[in-house]
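S.K.: First the structure, then my questions, so here it is.
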Amino acid sequence: KVKAFIFDLDGVIVDTAKYHYLAWKKIANQLDIDFTHEHNELLKGVSRVRSLDIILELGKIEASQQDKNNWLIQKNEDYLSYLVDMDESEILPGVMPVLKYLKANHQKIALGSASKNARPILEKTGILDYFDAIVDGNDVSNAKPDPEVFIRAAQLLGASNEDSIVFEDSVAGVQAANIAHMKSIGIGEKSVLHEANHIFHDFTSIETSFIDQLINN
Ligand code: B16
Ligand code: MG
């Protein structure tokens, strides 16, 4: 039976949320919107377009499509400037051993991310070759909690939804996996990700015996 191991990107493999935050904060400041780290939590796993709408709602600002387009371009250019120096040192602790263990056990791995910048990030961090399939913000039209991104990834790997395992740091992503009847593994705080089937603070607390269970059940 083929299993699909599907990884979210931001917050699971790398912490790009800090760069998204810096880039969005510049836009928010220009608009006199107070944008805190707490607000940034609302943007995790959410698409770029929806993120801007959330920020504008915070500031009770109505804007023209033209202005919105300009801010989206500006945000992404700024965000990309933070990624220039990215390398393998940005991969979150414990991720590499899990990827390597899965590969050593002949398991299929996919990326399921909302980001349109997923490929360059995987390239820069040197882990592109671990992925048998990549589904990202360029491939899907429905954002998490819609399970489209994960369902596509499972299909590409030839696994059923029930045989798919999703690693996610966002509430929306955990919900997406649950809706699709996939196994959801929350990476982060128990209080936030309580809907997940299993929750780990980070990948260093995932033991190989747990991965073995996922492979064999
Ligand atoms: P981009 P993930 C998501 O990545 C981020 O969590 C979210 O904050 C971001 O807005 C979204 O990607 C779009 O990213 O602007 O690069 O297209 O967690 O789904 O891997
Ligand atoms: Mg994420």
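Ordering of the structure tokens sets the chain letters (A, B, ...), residue numbers begin anew at 1 in every chain, and ligands are numbered from 1 in the order given.
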Residues within 10 Å of ligand 2 (only C-alpha atoms and all ligand atoms), as a PyMOL selection string?
M.R.: chain A and resi 7-17+43-46+112-115+167-174+187
S.K.: Using only C-alpha atoms, determine which residues lie at most 12 Å from Asn216 (chain A), disregarding the query and same-chain residues fewer than 4 positions distant; provide the list as a list of chain:residue names.
M.R.: A:Lys1, A:Val2, A:Lys3, A:Asn105, A:Gln107, A:Asp163, A:Ser209, A:Phe210, A:Ile211, A:Asp212
S.K.: Give me a file of those residues, with N, CA and C atoms, as a compact mmCIF listing (two decimals), in the first residue's frame.
M.R.:
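Saved file selection_9.txt follows:
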```
# COMPACT_ATOMS: atom_id res chain seq x y z
N LYS A 1 0.84 -1.21 0.00
CA LYS A 1 0.00 0.00 0.00
C LYS A 1 0.87 1.25 0.00
N VAL A 2 0.60 2.14 -0.94
CA VAL A 2 1.41 3.37 -1.03
C VAL A 2 0.92 4.39 0.01
N LYS A 3 1.84 4.91 0.79
CA LYS A 3 1.52 5.99 1.73
C LYS A 3 2.05 7.30 1.16
N ASN A 105 13.35 4.36 3.89
CA ASN A 105 12.30 3.32 3.95
C ASN A 105 11.39 3.35 2.72
N GLN A 107 9.63 5.58 1.16
CA GLN A 107 8.33 6.22 1.25
C GLN A 107 8.24 7.40 0.27
N ASP A 163 -4.65 6.98 3.19
CA ASP A 163 -3.25 6.56 3.35
C ASP A 163 -2.28 7.74 3.28
N SER A 209 10.06 5.31 15.88
CA SER A 209 9.00 4.31 16.13
C SER A 209 7.65 4.87 15.71
N PHE A 210 7.46 6.17 15.88
CA PHE A 210 6.20 6.80 15.45
C PHE A 210 6.09 6.79 13.93
N ILE A 211 7.20 7.10 13.26
CA ILE A 211 7.21 7.07 11.79
C ILE A 211 6.93 5.64 11.30
N ASP A 212 7.53 4.66 11.98
CA ASP A 212 7.29 3.25 11.61
C ASP A 212 5.80 2.93 11.67
```
S.K.: Env of region 87-98 of chain A: 8 Å cut, atoms = only C-alpha atoms, seq-sep filter 2 positions within chain, self excluded. Answer as a CSV table (one decimal) with N, CA and C atoms, in the first residue's frame.
M.R.:
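Result file is around.csv:
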```
chain,number,residue,atom,x,y,z
A,12,VAL,N,6.8,24.4,8.9
A,12,VAL,CA,7.1,23.0,9.1
A,12,VAL,C,8.5,22.6,8.7
A,13,ILE,N,8.9,23.0,7.5
A,13,ILE,CA,10.2,22.7,7.0
A,13,ILE,C,11.2,23.9,7.2
A,14,VAL,N,10.7,25.1,7.0
A,14,VAL,CA,11.4,26.3,7.2
A,14,VAL,C,10.5,27.3,7.9
A,15,ASP,N,11.2,28.3,8.6
A,15,ASP,CA,10.4,29.3,9.3
A,15,ASP,C,10.5,30.6,8.4
A,85,ASP,N,19.6,34.9,0.7
A,85,ASP,CA,20.7,34.3,1.5
A,85,ASP,C,20.3,33.0,2.1
A,100,LYS,N,15.1,11.9,5.7
A,100,LYS,CA,16.1,10.9,5.4
A,100,LYS,C,15.5,9.5,5.7
A,101,TYR,N,14.9,9.4,6.9
A,101,TYR,CA,14.3,8.1,7.4
A,101,TYR,C,13.2,7.6,6.4
A,102,LEU,N,12.4,8.6,6.0
A,102,LEU,CA,11.3,8.2,5.0
A,102,LEU,C,11.9,7.7,3.7
A,124,LYS,N,16.9,26.3,-2.7
A,124,LYS,CA,18.0,27.1,-1.9
A,124,LYS,C,18.4,26.3,-0.7
A,125,THR,N,17.4,25.6,-0.1
A,125,THR,CA,17.8,24.8,1.1
A,125,THR,C,18.3,23.4,0.8
A,126,GLY,N,18.3,23.1,-0.5
A,126,GLY,CA,19.0,21.9,-1.0
A,126,GLY,C,18.2,20.6,-0.8
A,202,ASP,N,7.9,20.0,17.8
A,202,ASP,CA,8.7,20.2,16.6
A,202,ASP,C,9.2,18.8,16.2
A,203,PHE,N,9.9,18.7,15.1
A,203,PHE,CA,10.3,17.4,14.5
A,203,PHE,C,11.3,16.6,15.4
A,204,THR,N,12.0,17.4,16.3
A,204,THR,CA,13.0,16.6,17.1
A,204,THR,C,12.3,15.7,18.1
A,205,SER,N,11.0,16.0,18.4
A,205,SER,CA,10.2,15.1,19.3
A,205,SER,C,9.5,14.0,18.6
A,208,THR,N,11.5,7.6,15.6
A,208,THR,CA,11.4,6.8,14.4
A,208,THR,C,10.3,5.7,14.6
```
S.K.: For ligand 1, which residue among A:Tyr130, A:Phe150, A:Phe200, A:Phe5 is the nearest when counting only C-alpha atoms and all ligand atoms?
M.R.: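 Selected residue with least distance to ligand 1: A:Phe150.
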S.K.: For region 74-80 of chain A, work out the shell of residues within 10 Å, counting only C-alpha atoms and skipping chain neighbours fewer than 3 positions away, then give it as a PyMOL selection string.
M.R.: chain A and resi 16+18-27+48+52+68-71+83-85+116-117+120-121
S.K.: Save the residues we just selected, C-alpha atoms, as a PDB file, in the first residue's frame?
M.R.:
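Output below, filename out02.pdb:
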```pdb
ATOM      1  CA  THR A  16       9.612  31.760   6.487  1.00  0.00           C
ATOM      2  CA  LYS A  18       9.428  35.693  10.051  1.00  0.00           C
ATOM      3  CA  TYR A  19      10.186  37.002   6.553  1.00  0.00           C
ATOM      4  CA  HIS A  20       6.508  37.188   5.592  1.00  0.00           C
ATOM      5  CA  TYR A  21       6.046  39.208   8.786  1.00  0.00           C
ATOM      6  CA  LEU A  22       8.798  41.721   7.951  1.00  0.00           C
ATOM      7  CA  ALA A  23       7.480  42.225   4.432  1.00  0.00           C
ATOM      8  CA  TRP A  24       3.833  42.605   5.483  1.00  0.00           C
ATOM      9  CA  LYS A  25       4.813  44.937   8.316  1.00  0.00           C
ATOM     10  CA  LYS A  26       6.340  47.378   5.822  1.00  0.00           C
ATOM     11  CA  ILE A  27       3.084  47.540   3.889  1.00  0.00           C
ATOM     12  CA  ARG A  48      -0.924  36.080  -0.357  1.00  0.00           C
ATOM     13  CA  LEU A  52      -3.489  41.402   2.273  1.00  0.00           C
ATOM     14  CA  LYS A  68      -3.897  46.076  -3.840  1.00  0.00           C
ATOM     15  CA  ASN A  69      -1.988  44.744  -6.837  1.00  0.00           C
ATOM     16  CA  ASN A  70       0.845  47.179  -6.194  1.00  0.00           C
ATOM     17  CA  TRP A  71       1.096  46.189  -2.526  1.00  0.00           C
ATOM     18  CA  LEU A  83      15.234  34.637   0.745  1.00  0.00           C
ATOM     19  CA  VAL A  84      18.358  35.520  -1.247  1.00  0.00           C
ATOM     20  CA  ASP A  85      20.724  34.294   1.474  1.00  0.00           C
ATOM     21  CA  LYS A 116       3.981  30.473  -4.790  1.00  0.00           C
ATOM     22  CA  ASN A 117       7.654  30.619  -3.826  1.00  0.00           C
ATOM     23  CA  PRO A 120      12.983  28.250  -5.021  1.00  0.00           C
ATOM     24  CA  ILE A 121      12.902  27.744  -1.245  1.00  0.00           C
TER      25      ILE A 121
END
```
S.K.: Pick from A:Leu128, A:Ala196, A:Leu157, A:Val149: nearest to ligand 1, with only C-alpha atoms and all ligand atoms counted?
M.R.: A:Val149
S.K.: Could you tell me how far CA of Ala153 (chain A) lies from CA of Ile109 (chain A), in Å and to one decimal?
M.R.: 9.0 Å
S.K.: Choose the residue, out of A:Val192, A:Ala28, A:Leu72, A:Ala133, that has the smallest atom-to-atom separation from ligand 1; count only C-alpha atoms and all ligand atoms.
M.R.: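 Smallest separation from ligand 1 among the options: A:Leu72.
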S.K.: Can you work out which one of A:His37, A:Lys190, A:His198, A:Lys144 has the shortest atom-to-atom distance to ligand 1, counting only C-alpha atoms and all ligand atoms?
M.R.: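 Nearest candidate to ligand 1 out of A:His37, A:Lys190, A:His198, A:Lys144: A:Lys144.
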S.K.: Counting only C-alpha atoms and all ligand atoms, which of A:His39, A:His201, A:His181, A:Lys103 gets nearest to ligand 1?
M.R.: A:His39
S.K.: Enumerate the residues of region 8-125 of chain A with a DSSP assignment of alpha helix (DSSP H), computed from the backbone, and present them as a PyMOL selection string.
M.R.: chain A and resi 17-30+37-41+48-58+65-83+95-104+118-124
S.K.: With distances taken over only C-alpha atoms, which residue among A:Ala110, A:Val140, A:Ile165, A:Ile199 lies nearest Ala180 (chain A)?
M.R.: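 Smallest separation from Ala180 (chain A) among the options: A:Ile165.
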S.K.: Near Gly59 (chain A), counting only C-alpha atoms, which residues have an atom at most 8 Å away, once you skip same-chain residues fewer than 4 positions from it, shown as a PyMOL selection string?
M.R.: chain A and resi 31-34+55
S.K.: Would you mind reading off the distance between CA of Ala104 (chain A) and CA of Ser160 (chain A), one decimal, in Å?
M.R.: 21.8 Å
S.K.: Quick one, how far is CA of Ile6 (chain A) from CA of Val166 (chain A)?
M.R.: 4.8 Å
